[in-house]
>>> print(open('target03.pdb').read())   # PDB, C-alpha atoms
ATOM      1  CA  MET A   1     101.086  72.520 112.876
ATOM      2  CA  SER A   2      98.692  70.314 114.845
ATOM      3  CA  LEU A   3      97.817  70.694 118.499
ATOM      4  CA  SER A   4      99.721  68.411 120.843
ATOM      5  CA  GLU A   5      98.223  67.204 124.118
ATOM      6  CA  LYS A   6     100.483  69.742 125.810
ATOM      7  CA  ASP A   7      99.022  72.524 123.641
ATOM      8  CA  LYS A   8      95.459  71.477 124.431
ATOM      9  CA  ALA A   9      96.211  71.371 128.154
ATOM     10  CA  ALA A  10      97.867  74.802 127.967
ATOM     11  CA  VAL A  11      94.897  76.307 126.124
ATOM     12  CA  LYS A  12      92.404  74.871 128.603
ATOM     13  CA  ALA A  13      94.511  76.019 131.551
ATOM     14  CA  LEU A  14      94.782  79.549 130.156
ATOM     15  CA  TRP A  15      91.077  79.631 129.271
ATOM     16  CA  SER A  16      90.171  78.630 132.841
ATOM     17  CA  LYS A  17      91.910  81.815 133.994
ATOM     18  CA  ILE A  18      90.794  84.245 131.286
ATOM     19  CA  GLY A  19      87.433  82.805 130.211
ATOM     20  CA  LYS A  20      85.406  84.818 132.691
ATOM     21  CA  SER A  21      86.792  87.996 131.130
ATOM     22  CA  SER A  22      85.816  86.900 127.636
ATOM     23  CA  ASP A  23      83.277  89.714 127.134
ATOM     24  CA  ALA A  24      85.918  92.326 127.954
ATOM     25  CA  ILE A  25      88.489  90.542 125.799
ATOM     26  CA  GLY A  26      86.082  90.417 122.856
ATOM     27  CA  ASN A  27      85.184  94.082 123.186
ATOM     28  CA  ASP A  28      88.822  95.197 123.435
ATOM     29  CA  ALA A  29      90.002  92.913 120.622
ATOM     30  CA  LEU A  30      87.343  94.088 118.168
ATOM     31  CA  SER A  31      87.681  97.731 119.220
ATOM     32  CA  ARG A  32      91.397  97.482 118.717
ATOM     33  CA  MET A  33      91.054  95.705 115.380
ATOM     34  CA  ILE A  34      88.944  98.436 113.778
ATOM     35  CA  VAL A  35      91.478 101.052 114.912
ATOM     36  CA  VAL A  36      94.689  99.224 114.009
ATOM     37  CA  TYR A  37      93.285  97.678 110.815
ATOM     38  CA  PRO A  38      90.689 100.173 109.575
ATOM     39  CA  GLN A  39      89.994  98.091 106.462
ATOM     40  CA  THR A  40      88.168  95.612 108.736
ATOM     41  CA  LYS A  41      85.442  98.209 109.268
ATOM     42  CA  THR A  42      84.150  97.342 105.808
ATOM     43  CA  TYR A  43      82.474  94.286 107.284
ATOM     44  CA  PHE A  44      80.376  96.400 109.609
ATOM     45  CA  SER A  45      78.997  99.006 107.234
ATOM     46  CA  HIS A  46      75.491  97.912 108.182
ATOM     47  CA  TRP A  47      75.961  99.256 111.720
ATOM     48  CA  PRO A  48      75.046 102.866 112.476
ATOM     49  CA  GLU A  49      78.497 103.438 113.892
ATOM     50  CA  VAL A  50      81.697 101.433 113.916
ATOM     51  CA  THR A  51      83.596 102.818 116.872
ATOM     52  CA  PRO A  52      85.569 101.251 119.709
ATOM     53  CA  GLY A  53      83.446 100.193 122.673
ATOM     54  CA  SER A  54      80.138 100.913 120.944
ATOM     55  CA  PRO A  55      77.136  98.694 121.823
ATOM     56  CA  HIS A  56      77.412  96.892 118.479
ATOM     57  CA  ILE A  57      81.109  96.197 119.012
ATOM     58  CA  LYS A  58      80.491  94.995 122.561
ATOM     59  CA  ALA A  59      77.745  92.633 121.456
ATOM     60  CA  HIS A  60      79.776  91.373 118.555
ATOM     61  CA  GLY A  61      82.857  90.865 120.697
ATOM     62  CA  LYS A  62      80.755  88.745 123.040
ATOM     63  CA  LYS A  63      79.523  86.682 120.108
ATOM     64  CA  VAL A  64      83.012  86.121 118.740
ATOM     65  CA  MET A  65      84.370  85.051 122.126
ATOM     66  CA  GLY A  66      81.402  82.718 122.466
ATOM     67  CA  GLY A  67      82.701  81.055 119.332
ATOM     68  CA  ILE A  68      86.186  80.818 120.845
ATOM     69  CA  ALA A  69      84.729  79.308 124.014
ATOM     70  CA  LEU A  70      82.919  76.748 121.875
ATOM     71  CA  ALA A  71      86.163  75.996 120.066
ATOM     72  CA  VAL A  72      87.884  75.281 123.394
ATOM     73  CA  THR A  73      85.267  72.600 124.099
ATOM     74  CA  LYS A  74      85.773  71.176 120.601
ATOM     75  CA  ILE A  75      89.554  71.347 120.747
ATOM     76  CA  ASP A  76      89.942  67.678 119.822
ATOM     77  CA  ASP A  77      88.206  68.154 116.477
ATOM     78  CA  LEU A  78      87.917  71.795 115.521
ATOM     79  CA  LYS A  79      86.910  71.082 111.931
ATOM     80  CA  THR A  80      83.833  69.100 112.928
ATOM     81  CA  GLY A  81      83.092  71.178 116.004
ATOM     82  CA  LEU A  82      83.091  74.461 114.108
ATOM     83  CA  SER A  83      81.545  73.262 110.838
ATOM     84  CA  GLU A  84      78.294  75.185 111.357
ATOM     85  CA  LEU A  85      80.219  78.376 112.094
ATOM     86  CA  SER A  86      82.355  77.685 109.060
ATOM     87  CA  GLU A  87      79.294  77.411 106.844
ATOM     88  CA  GLN A  88      77.974  80.648 108.269
ATOM     89  CA  HIS A  89      81.242  82.467 107.561
ATOM     90  CA  ALA A  90      81.577  80.902 104.118
ATOM     91  CA  TYR A  91      78.125  81.431 102.717
ATOM     92  CA  LYS A  92      76.554  84.194 104.734
ATOM     93  CA  LEU A  93      79.261  86.413 106.211
ATOM     94  CA  ARG A  94      81.961  85.833 103.588
ATOM     95  CA  VAL A  95      84.720  87.328 105.706
ATOM     96  CA  ASP A  96      88.034  87.067 103.909
ATOM     97  CA  PRO A  97      89.909  84.450 105.974
ATOM     98  CA  ALA A  98      92.984  86.684 106.159
ATOM     99  CA  ASN A  99      91.002  88.663 108.718
ATOM    100  CA  PHE A 100      90.872  85.705 111.103
ATOM    101  CA  LYS A 101      94.633  86.082 111.560
ATOM    102  CA  THR A 102      94.188  89.803 112.081
ATOM    103  CA  LEU A 103      91.595  89.340 114.808
ATOM    104  CA  ASN A 104      93.618  86.502 116.374
ATOM    105  CA  HIS A 105      96.580  88.864 116.687
ATOM    106  CA  CYS A 106      94.386  91.461 118.395
ATOM    107  CA  ILE A 107      93.065  88.814 120.794
ATOM    108  CA  LEU A 108      96.642  87.859 121.696
ATOM    109  CA  VAL A 109      97.591  91.507 122.285
ATOM    110  CA  VAL A 110      94.560  92.018 124.545
ATOM    111  CA  ILE A 111      95.336  88.903 126.563
ATOM    112  CA  SER A 112      98.916  90.140 126.888
ATOM    113  CA  THR A 113      97.737  93.495 128.285
ATOM    114  CA  MET A 114      95.195  91.922 130.643
ATOM    115  CA  PHE A 115      97.061  88.808 131.776
ATOM    116  CA  PRO A 116     100.790  89.548 131.397
ATOM    117  CA  LYS A 117     101.841  86.976 133.995
ATOM    118  CA  GLU A 118      99.704  84.140 132.645
ATOM    119  CA  PHE A 119     100.524  84.836 129.000
ATOM    120  CA  THR A 120     103.967  83.278 129.108
ATOM    121  CA  PRO A 121     105.760  82.334 125.867
ATOM    122  CA  GLU A 122     104.658  78.732 126.451
ATOM    123  CA  ALA A 123     101.014  79.763 126.812
ATOM    124  CA  HIS A 124     101.421  82.084 123.813
ATOM    125  CA  VAL A 125     102.663  79.398 121.424
ATOM    126  CA  SER A 126      99.847  77.009 122.368
ATOM    127  CA  LEU A 127      97.178  79.691 122.119
ATOM    128  CA  ASP A 128      98.566  80.932 118.798
ATOM    129  CA  LYS A 129      98.462  77.382 117.436
ATOM    130  CA  PHE A 130      94.917  76.943 118.755
ATOM    131  CA  LEU A 131      93.651  80.200 117.252
ATOM    132  CA  SER A 132      95.337  79.311 113.959
ATOM    133  CA  GLY A 133      93.506  75.990 114.117
ATOM    134  CA  VAL A 134      90.236  77.826 114.764
ATOM    135  CA  ALA A 135      90.896  80.077 111.753
ATOM    136  CA  LEU A 136      91.610  77.034 109.600
ATOM    137  CA  ALA A 137      88.434  75.302 110.758
ATOM    138  CA  LEU A 138      86.399  78.457 110.131
ATOM    139  CA  ALA A 139      87.742  78.646 106.592
ATOM    140  CA  ASP A 140      87.132  74.970 105.944
ATOM    141  CA  ARG A 141      83.863  75.341 104.019
ATOM    142  CA  TYR A 142      84.893  78.362 101.970
ATOM    143  CA  ARG A 143      85.672  76.454  98.790
TER     144      ARG A 143
ATOM    145  CA  MET B 144     106.844  79.058 104.987
ATOM    146  CA  PRO B 145     103.390  79.938 106.316
ATOM    147  CA  GLU B 146     102.513  83.592 106.516
ATOM    148  CA  ASN B 147     102.073  84.020 110.224
ATOM    149  CA  SER B 148     102.488  87.674 110.862
ATOM    150  CA  VAL B 149      99.951  90.460 110.630
ATOM    151  CA  SER B 150     102.230  93.473 110.988
ATOM    152  CA  ALA B 151     100.891  95.964 108.484
ATOM    153  CA  ASP B 152     102.596  95.689 105.140
ATOM    154  CA  LEU B 153     104.213  98.922 104.135
ATOM    155  CA  GLN B 154     105.953  99.330 100.814
ATOM    156  CA  THR B 155     108.301 102.294 101.081
ATOM    157  CA  GLU B 156     109.622 103.567  97.760
ATOM    158  CA  SER B 157     112.879 105.422  97.826
ATOM    159  CA  ASP B 158     111.160 108.617  96.705
ATOM    160  CA  LYS B 159     108.216 108.343  99.126
ATOM    161  CA  MET B 160     108.654 109.561 102.675
ATOM    162  CA  VAL B 161     106.819 107.913 105.516
ATOM    163  CA  GLU B 162     104.627 110.517 107.154
ATOM    164  CA  TRP B 163     104.218 110.510 110.893
ATOM    165  CA  THR B 164     101.527 112.304 112.821
ATOM    166  CA  ASP B 165     102.500 114.092 116.027
ATOM    167  CA  PHE B 166     100.647 111.419 117.953
ATOM    168  CA  GLU B 167     102.665 108.676 116.255
ATOM    169  CA  ARG B 168     106.001 110.425 116.853
ATOM    170  CA  ASN B 169     105.220 111.132 120.479
ATOM    171  CA  THR B 170     103.912 107.626 121.044
ATOM    172  CA  ILE B 171     107.055 105.985 119.664
ATOM    173  CA  GLN B 172     109.388 108.285 121.600
ATOM    174  CA  ASP B 173     107.351 107.711 124.740
ATOM    175  CA  ILE B 174     107.323 103.933 124.470
ATOM    176  CA  PHE B 175     111.057 103.716 123.896
ATOM    177  CA  SER B 176     111.800 106.095 126.752
ATOM    178  CA  ARG B 177     109.769 103.936 129.110
ATOM    179  CA  ILE B 178     110.760 100.392 128.243
ATOM    180  CA  GLU B 179     113.906  98.806 129.603
ATOM    181  CA  TYR B 180     115.858  97.570 126.601
ATOM    182  CA  ASP B 181     117.517  94.785 128.561
ATOM    183  CA  VAL B 182     114.149  93.478 129.727
ATOM    184  CA  VAL B 183     111.987  93.933 126.662
ATOM    185  CA  GLY B 184     114.638  92.910 124.130
ATOM    186  CA  PRO B 185     115.470  89.564 125.716
ATOM    187  CA  ALA B 186     111.774  88.866 126.409
ATOM    188  CA  ALA B 187     110.779  89.570 122.808
ATOM    189  CA  LEU B 188     113.561  87.496 121.258
ATOM    190  CA  ALA B 189     112.991  84.589 123.657
ATOM    191  CA  ARG B 190     109.267  84.700 122.938
ATOM    192  CA  CYS B 191     109.949  84.653 119.190
ATOM    193  CA  LEU B 192     112.226  81.613 119.528
ATOM    194  CA  VAL B 193     109.524  79.807 121.553
ATOM    195  CA  VAL B 194     106.437  80.814 119.591
ATOM    196  CA  TYR B 195     108.051  80.451 116.153
ATOM    197  CA  PRO B 196     110.669  77.772 116.778
ATOM    198  CA  TRP B 197     111.889  77.712 113.179
ATOM    199  CA  THR B 198     113.497  81.086 113.887
ATOM    200  CA  GLN B 199     116.025  79.162 115.970
ATOM    201  CA  ARG B 200     117.716  78.267 112.707
ATOM    202  CA  TYR B 201     119.587  81.562 112.867
ATOM    203  CA  PHE B 202     120.985  80.973 116.319
ATOM    204  CA  GLY B 203     122.838  77.716 115.897
ATOM    205  CA  GLY B 204     125.837  79.110 117.761
ATOM    206  CA  PHE B 205     123.790  80.170 120.802
ATOM    207  CA  GLY B 206     123.975  76.860 122.647
ATOM    208  CA  ASN B 207     121.013  75.422 124.521
ATOM    209  CA  LEU B 208     117.676  76.424 122.970
ATOM    210  CA  TYR B 209     116.112  73.091 123.791
ATOM    211  CA  ASN B 210     113.018  74.336 125.608
ATOM    212  CA  ALA B 211     111.362  77.546 126.745
ATOM    213  CA  ALA B 212     113.204  77.599 130.070
ATOM    214  CA  ALA B 213     116.571  77.133 128.366
ATOM    215  CA  ILE B 214     115.771  79.870 125.850
ATOM    216  CA  LYS B 215     114.692  82.312 128.533
ATOM    217  CA  GLY B 216     117.815  81.635 130.587
ATOM    218  CA  ASN B 217     120.244  81.685 127.668
ATOM    219  CA  PRO B 218     122.677  84.584 128.127
ATOM    220  CA  MET B 219     123.397  84.869 124.396
ATOM    221  CA  VAL B 220     119.678  85.254 123.692
ATOM    222  CA  SER B 221     119.445  87.965 126.335
ATOM    223  CA  LYS B 222     122.458  89.804 124.976
ATOM    224  CA  HIS B 223     121.148  89.658 121.447
ATOM    225  CA  GLY B 224     117.708  90.815 122.533
ATOM    226  CA  THR B 225     119.282  93.917 124.037
ATOM    227  CA  THR B 226     121.326  94.447 120.864
ATOM    228  CA  ILE B 227     118.115  94.374 118.820
ATOM    229  CA  LEU B 228     116.459  97.019 120.988
ATOM    230  CA  ASN B 229     119.520  99.235 120.741
ATOM    231  CA  GLY B 230     119.312  98.770 116.986
ATOM    232  CA  LEU B 231     115.650  99.820 117.053
ATOM    233  CA  GLU B 232     116.622 102.944 118.946
ATOM    234  CA  ARG B 233     118.489 104.114 115.864
ATOM    235  CA  ALA B 234     115.217 104.065 113.976
ATOM    236  CA  VAL B 235     113.490 105.872 116.853
ATOM    237  CA  LYS B 236     116.113 108.626 116.637
ATOM    238  CA  ASN B 237     115.859 108.826 112.826
ATOM    239  CA  MET B 238     112.173 108.329 112.189
ATOM    240  CA  ASP B 239     112.242 110.426 109.056
ATOM    241  CA  ASP B 240     114.970 108.395 107.410
ATOM    242  CA  ILE B 241     114.677 104.830 108.626
ATOM    243  CA  THR B 242     115.352 103.363 105.185
ATOM    244  CA  ASN B 243     118.795 104.936 104.895
ATOM    245  CA  THR B 244     119.571 104.501 108.594
ATOM    246  CA  TYR B 245     119.115 100.757 108.148
ATOM    247  CA  ALA B 246     120.787 100.319 104.749
ATOM    248  CA  GLU B 247     123.893  98.709 106.235
ATOM    249  CA  LEU B 248     121.902  96.564 108.657
ATOM    250  CA  SER B 249     119.781  95.386 105.747
ATOM    251  CA  VAL B 250     122.855  94.309 103.805
ATOM    252  CA  LEU B 251     124.188  92.580 106.920
ATOM    253  CA  HIS B 252     120.977  90.609 107.499
ATOM    254  CA  SER B 253     120.799  89.644 103.839
ATOM    255  CA  GLU B 254     124.356  88.948 102.774
ATOM    256  CA  LYS B 255     126.015  87.849 105.970
ATOM    257  CA  LEU B 256     123.263  86.507 108.219
ATOM    258  CA  HIS B 257     120.973  85.210 105.414
ATOM    259  CA  VAL B 258     117.822  85.875 107.427
ATOM    260  CA  ASP B 259     114.523  85.328 105.579
ATOM    261  CA  PRO B 260     112.893  88.777 105.930
ATOM    262  CA  ASP B 261     109.558  87.178 106.876
ATOM    263  CA  ASN B 262     111.190  86.537 110.237
ATOM    264  CA  PHE B 263     111.413  90.257 110.962
ATOM    265  CA  LYS B 264     107.607  90.388 111.059
ATOM    266  CA  LEU B 265     107.478  87.481 113.498
ATOM    267  CA  LEU B 266     109.867  89.238 115.870
ATOM    268  CA  ALA B 267     107.914  92.472 115.427
ATOM    269  CA  ASP B 268     104.712  90.711 116.519
ATOM    270  CA  CYS B 269     106.448  89.293 119.595
ATOM    271  CA  LEU B 270     107.816  92.723 120.438
ATOM    272  CA  THR B 271     104.282  94.145 120.179
ATOM    273  CA  ILE B 272     103.007  91.517 122.592
ATOM    274  CA  VAL B 273     105.821  92.129 125.104
ATOM    275  CA  VAL B 274     105.349  95.906 125.006
ATOM    276  CA  ALA B 275     101.598  95.347 125.383
ATOM    277  CA  ALA B 276     102.275  93.352 128.545
ATOM    278  CA  GLN B 277     104.512  96.139 129.877
ATOM    279  CA  LEU B 278     102.084  98.967 129.193
ATOM    280  CA  GLY B 279      98.839  97.161 130.026
ATOM    281  CA  ASN B 280      95.764  99.200 129.303
ATOM    282  CA  GLU B 281      97.932 102.154 128.263
ATOM    283  CA  PHE B 282      98.605 100.099 125.134
ATOM    284  CA  THR B 283      95.428 101.342 123.521
ATOM    285  CA  GLY B 284      94.363 100.609 119.962
ATOM    286  CA  GLU B 285      95.777 103.956 118.838
ATOM    287  CA  VAL B 286      99.111 103.273 120.538
ATOM    288  CA  GLN B 287      99.183  99.792 119.029
ATOM    289  CA  ALA B 288      98.514 101.225 115.564
ATOM    290  CA  ALA B 289     101.412 103.682 115.916
ATOM    291  CA  PHE B 290     103.760 101.026 117.265
ATOM    292  CA  GLN B 291     102.884  98.535 114.534
ATOM    293  CA  LYS B 292     103.278 101.216 111.851
ATOM    294  CA  PHE B 293     106.747 102.021 113.206
ATOM    295  CA  LEU B 294     107.701  98.336 113.225
ATOM    296  CA  ALA B 295     106.333  97.880 109.702
ATOM    297  CA  VAL B 296     108.592 100.681 108.462
ATOM    298  CA  VAL B 297     111.554  99.101 110.274
ATOM    299  CA  VAL B 298     110.773  95.688 108.804
ATOM    300  CA  SER B 299     110.455  97.158 105.337
ATOM    301  CA  ALA B 300     113.786  99.009 105.670
ATOM    302  CA  LEU B 301     115.538  95.870 106.880
ATOM    303  CA  GLY B 302     114.281  93.974 103.858
ATOM    304  CA  ARG B 303     115.125  96.714 101.399
ATOM    305  CA  GLN B 304     118.645  95.691 100.366
ATOM    306  CA  TYR B 305     117.847  92.029  99.762
ATOM    307  CA  ARG B 306     118.446  90.790  96.236
TER     308      ARG B 306
END
>>> encode(input="target03.pdb", output="structure tokens")
Amino acid sequence: MSLSEKDKAAVKALWSKIGKSSDAIGNDALSRMIVVYPQTKTYFSHWPEVTPGSPHIKAHGKKVMGGIALAVTKIDDLKTGLSELSEQHAYKLRVDPANFKTLNHCILVVISTMFPKEFTPEAHVSLDKFLSGVALALADRYR
Amino acid sequence: MPENSVSADLQTESDKMVEWTDFERNTIQDIFSRIEYDVVGPAALARCLVVYPWTQRYFGGFGNLYNAAAIKGNPMVSKHGTTILNGLERAVKNMDDITNTYAELSVLHSEKLHVDPDNFKLLADCLTIVVAAQLGNEFTGEVQAAFQKFLAVVVSALGRQYR
């Protein structure tokens, strides 16, 4: 399910409206993920606490959304653009790729709560395709 | 068909009851008392048909589903969206016996409508997103967890009678 020009335009248009809130989106999405999908906490056992809104979660949310922001700039070739991040996730972090979908869903829910008017079905389908493409690119180097 | 949905998978055995905390019960009752079925239902179904266009295969008799605007304005989509929410209300009123409450509906979706049960999860995700938009920051992580658990039980019950 590849990104059409219309999808890319929709993603960039949505990002231009929500990008400045990316720190808040990242924090909410990650905070939500560890509550709704508690099994995801297993990846953060090295933190002193894994609780919504904690400093670690905030910082990590910011990092994750930085990756999404990068992906928006590399939207024409996600595989190449995210290859370093893919290597990091494959060899160092070893996050099961199923979790990318989980976090993507949480990101969509957060955007829906924060930007209900902008997050139309048309914006939703393009963003969902984009985030799926990001997940695929991130998993590219896994095996 | 690609696995798109992340609604929590819940296997309910016939001899295992789903246990609900007070928070979960109250949350589900509260959400359904606040949402307008004829707004949320149509919005969720329309969103599903737009975001996961292969789901349109089940609505061949609904007329124009050619683009997002047509889907949103389609009166049959709206009517069916409301029907779905009214159907969900039966689960809300029978939270301790959703599997049996939905036995007939499960047979209907399997034997008459021939709906691939994976589609239920797609609609559930769209419903989550629409309710999230309605409730804004009241749709906390805890509320989302309760809502998704409820929908997972519904989805499981609807898929139960397939064979």
>>> interface_residues(input="target03.pdb", of="chain B", to="chain A", cutoff="7 Å", atoms="only C-alpha atoms", output="mmCIF file with C-alpha atoms, in the frame of the given file")
data_model
loop_
_atom_site.group_PDB
_atom_site.id
_atom_site.type_symbol
_atom_site.label_atom_id
_atom_site.label_comp_id
_atom_site.auth_asym_id
_atom_site.auth_seq_id
_atom_site.Cartn_x
_atom_site.Cartn_y
_atom_site.Cartn_z
ATOM 1 C CA VAL B 149 99.951 90.460 110.630
ATOM 2 C CA ARG B 190 109.267 84.700 122.938
ATOM 3 C CA VAL B 193 109.524 79.807 121.553
ATOM 4 C CA VAL B 194 106.437 80.814 119.591
ATOM 5 C CA ALA B 211 111.362 77.546 126.745
ATOM 6 C CA ILE B 272 103.007 91.517 122.592
ATOM 7 C CA ALA B 275 101.598 95.347 125.383
ATOM 8 C CA ALA B 276 102.275 93.352 128.545
ATOM 9 C CA GLY B 279 98.839 97.161 130.026
ATOM 10 C CA ASN B 280 95.764 99.200 129.303
ATOM 11 C CA GLY B 284 94.363 100.609 119.962
ATOM 12 C CA GLU B 285 95.777 103.956 118.838
ATOM 13 C CA GLN B 287 99.183 99.792 119.029
ATOM 14 C CA ALA B 288 98.514 101.225 115.564
#
>>> residues_around(input="target03.pdb", residues="region 164-171 of chain B", least_positions_apart="4", cutoff="7 Å", atoms="all atoms listed in the file", output="NGL selection string")
:B and (175 or 286 or 289-290)
>>> write_last_selection(input="target03.pdb", atoms="C-alpha atoms", output="CSV table (one decimal), in the coordinates of the input")
chain,number,residue,atom,x,y,z
B,175,PHE,CA,111.1,103.7,123.9
B,286,VAL,CA,99.1,103.3,120.5
B,289,ALA,CA,101.4,103.7,115.9
B,290,PHE,CA,103.8,101.0,117.3
>>> resolve_selection(input="target03.pdb", expression="the PyMOL selection byres ((chain B and resi 255-264) around 12)", output="PyMOL selection string")
chain B and resi 144-153+187-188+191-192+194-203+227+247-254+265-271+291-306
>>> atom_distance(input="target03.pdb", atom1="CA of Gly61 (chain A)", atom2="CA of Ser21 (chain A)")
11.5 Å
>>> residues_near_point(input="target03.pdb", point="(111.8, 89.4, 126.3)", cutoff="8 Å", atoms="all atoms listed in the file", output="ChimeraX atom specification")
/B:182-190,215,221,224,270,273
>>> closest_residue(input="target03.pdb", among="A:Val72, A:Ile107, A:Ala139, A:Val134", to="Ala9 (chain A)", atoms="all atoms listed in the file")
A:Val72
>>> atom_distance(input="target03.pdb", atom1="CA of Thr42 (chain A)", atom2="CA of Ile57 (chain A)")
13.6 Å
>>> decode(input="target03.pdb", residues="region 35-55 of chain A", atoms="N, CA and C atoms", output="PDB file, in the first residue's frame")
ATOM      1  N   VAL A  35      -0.057   2.298  29.298  1.00  0.00           N
ATOM      2  CA  VAL A  35      -1.268   2.015  30.081  1.00  0.00           C
ATOM      3  C   VAL A  35      -2.179   1.030  29.334  1.00  0.00           C
ATOM      4  N   VAL A  36      -2.382   1.297  28.049  1.00  0.00           N
ATOM      5  CA  VAL A  36      -3.320   0.465  27.278  1.00  0.00           C
ATOM      6  C   VAL A  36      -2.691  -0.884  26.912  1.00  0.00           C
ATOM      7  N   TYR A  37      -1.376  -0.877  26.709  1.00  0.00           N
ATOM      8  CA  TYR A  37      -0.665  -2.106  26.327  1.00  0.00           C
ATOM      9  C   TYR A  37       0.485  -2.325  27.309  1.00  0.00           C
ATOM     10  N   PRO A  38       0.170  -2.770  28.517  1.00  0.00           N
ATOM     11  CA  PRO A  38       1.199  -2.836  29.567  1.00  0.00           C
ATOM     12  C   PRO A  38       2.410  -3.689  29.195  1.00  0.00           C
ATOM     13  N   GLN A  39       2.223  -4.618  28.240  1.00  0.00           N
ATOM     14  CA  GLN A  39       3.366  -5.469  27.871  1.00  0.00           C
ATOM     15  C   GLN A  39       4.492  -4.638  27.250  1.00  0.00           C
ATOM     16  N   THR A  40       4.174  -3.427  26.765  1.00  0.00           N
ATOM     17  CA  THR A  40       5.208  -2.593  26.142  1.00  0.00           C
ATOM     18  C   THR A  40       6.179  -2.037  27.178  1.00  0.00           C
ATOM     19  N   LYS A  41       5.777  -2.093  28.452  1.00  0.00           N
ATOM     20  CA  LYS A  41       6.670  -1.593  29.507  1.00  0.00           C
ATOM     21  C   LYS A  41       7.947  -2.423  29.596  1.00  0.00           C
ATOM     22  N   THR A  42       7.902  -3.631  29.066  1.00  0.00           N
ATOM     23  CA  THR A  42       9.073  -4.509  29.159  1.00  0.00           C
ATOM     24  C   THR A  42      10.291  -3.911  28.476  1.00  0.00           C
ATOM     25  N   TYR A  43      10.047  -2.998  27.543  1.00  0.00           N
ATOM     26  CA  TYR A  43      11.188  -2.390  26.843  1.00  0.00           C
ATOM     27  C   TYR A  43      11.860  -1.286  27.639  1.00  0.00           C
ATOM     28  N   PHE A  44      11.248  -0.928  28.769  1.00  0.00           N
ATOM     29  CA  PHE A  44      11.749   0.212  29.525  1.00  0.00           C
ATOM     30  C   PHE A  44      12.129  -0.184  30.951  1.00  0.00           C
ATOM     31  N   SER A  45      12.484  -1.441  31.120  1.00  0.00           N
ATOM     32  CA  SER A  45      12.789  -1.937  32.465  1.00  0.00           C
ATOM     33  C   SER A  45      14.059  -1.307  33.024  1.00  0.00           C
ATOM     34  N   HIS A  46      14.827  -0.654  32.154  1.00  0.00           N
ATOM     35  CA  HIS A  46      16.057  -0.016  32.620  1.00  0.00           C
ATOM     36  C   HIS A  46      15.805   1.380  33.187  1.00  0.00           C
ATOM     37  N   TRP A  47      14.573   1.863  33.105  1.00  0.00           N
ATOM     38  CA  TRP A  47      14.219   3.147  33.695  1.00  0.00           C
ATOM     39  C   TRP A  47      13.802   2.947  35.139  1.00  0.00           C
ATOM     40  N   PRO A  48      14.063   3.952  35.995  1.00  0.00           N
ATOM     41  CA  PRO A  48      13.650   3.803  37.395  1.00  0.00           C
ATOM     42  C   PRO A  48      12.132   3.671  37.540  1.00  0.00           C
ATOM     43  N   GLU A  49      11.404   4.381  36.704  1.00  0.00           N
ATOM     44  CA  GLU A  49       9.954   4.216  36.747  1.00  0.00           C
ATOM     45  C   GLU A  49       9.388   4.331  35.331  1.00  0.00           C
ATOM     46  N   VAL A  50       8.363   3.544  35.081  1.00  0.00           N
ATOM     47  CA  VAL A  50       7.717   3.576  33.773  1.00  0.00           C
ATOM     48  C   VAL A  50       6.266   3.982  34.003  1.00  0.00           C
ATOM     49  N   THR A  51       6.083   5.293  34.121  1.00  0.00           N
ATOM     50  CA  THR A  51       4.733   5.804  34.406  1.00  0.00           C
ATOM     51  C   THR A  51       4.394   6.935  33.452  1.00  0.00           C
ATOM     52  N   PRO A  52       3.087   7.101  33.176  1.00  0.00           N
ATOM     53  CA  PRO A  52       2.688   8.152  32.238  1.00  0.00           C
ATOM     54  C   PRO A  52       3.207   9.518  32.660  1.00  0.00           C
ATOM     55  N   GLY A  53       3.720  10.274  31.688  1.00  0.00           N
ATOM     56  CA  GLY A  53       4.141  11.647  31.940  1.00  0.00           C
ATOM     57  C   GLY A  53       5.436  11.799  32.704  1.00  0.00           C
ATOM     58  N   SER A  54       6.105  10.685  33.009  1.00  0.00           N
ATOM     59  CA  SER A  54       7.367  10.785  33.757  1.00  0.00           C
ATOM     60  C   SER A  54       8.445  11.430  32.871  1.00  0.00           C
ATOM     61  N   PRO A  55       9.509  11.955  33.479  1.00  0.00           N
ATOM     62  CA  PRO A  55      10.569  12.604  32.683  1.00  0.00           C
ATOM     63  C   PRO A  55      11.129  11.683  31.596  1.00  0.00           C
TER      64      PRO A  55
END
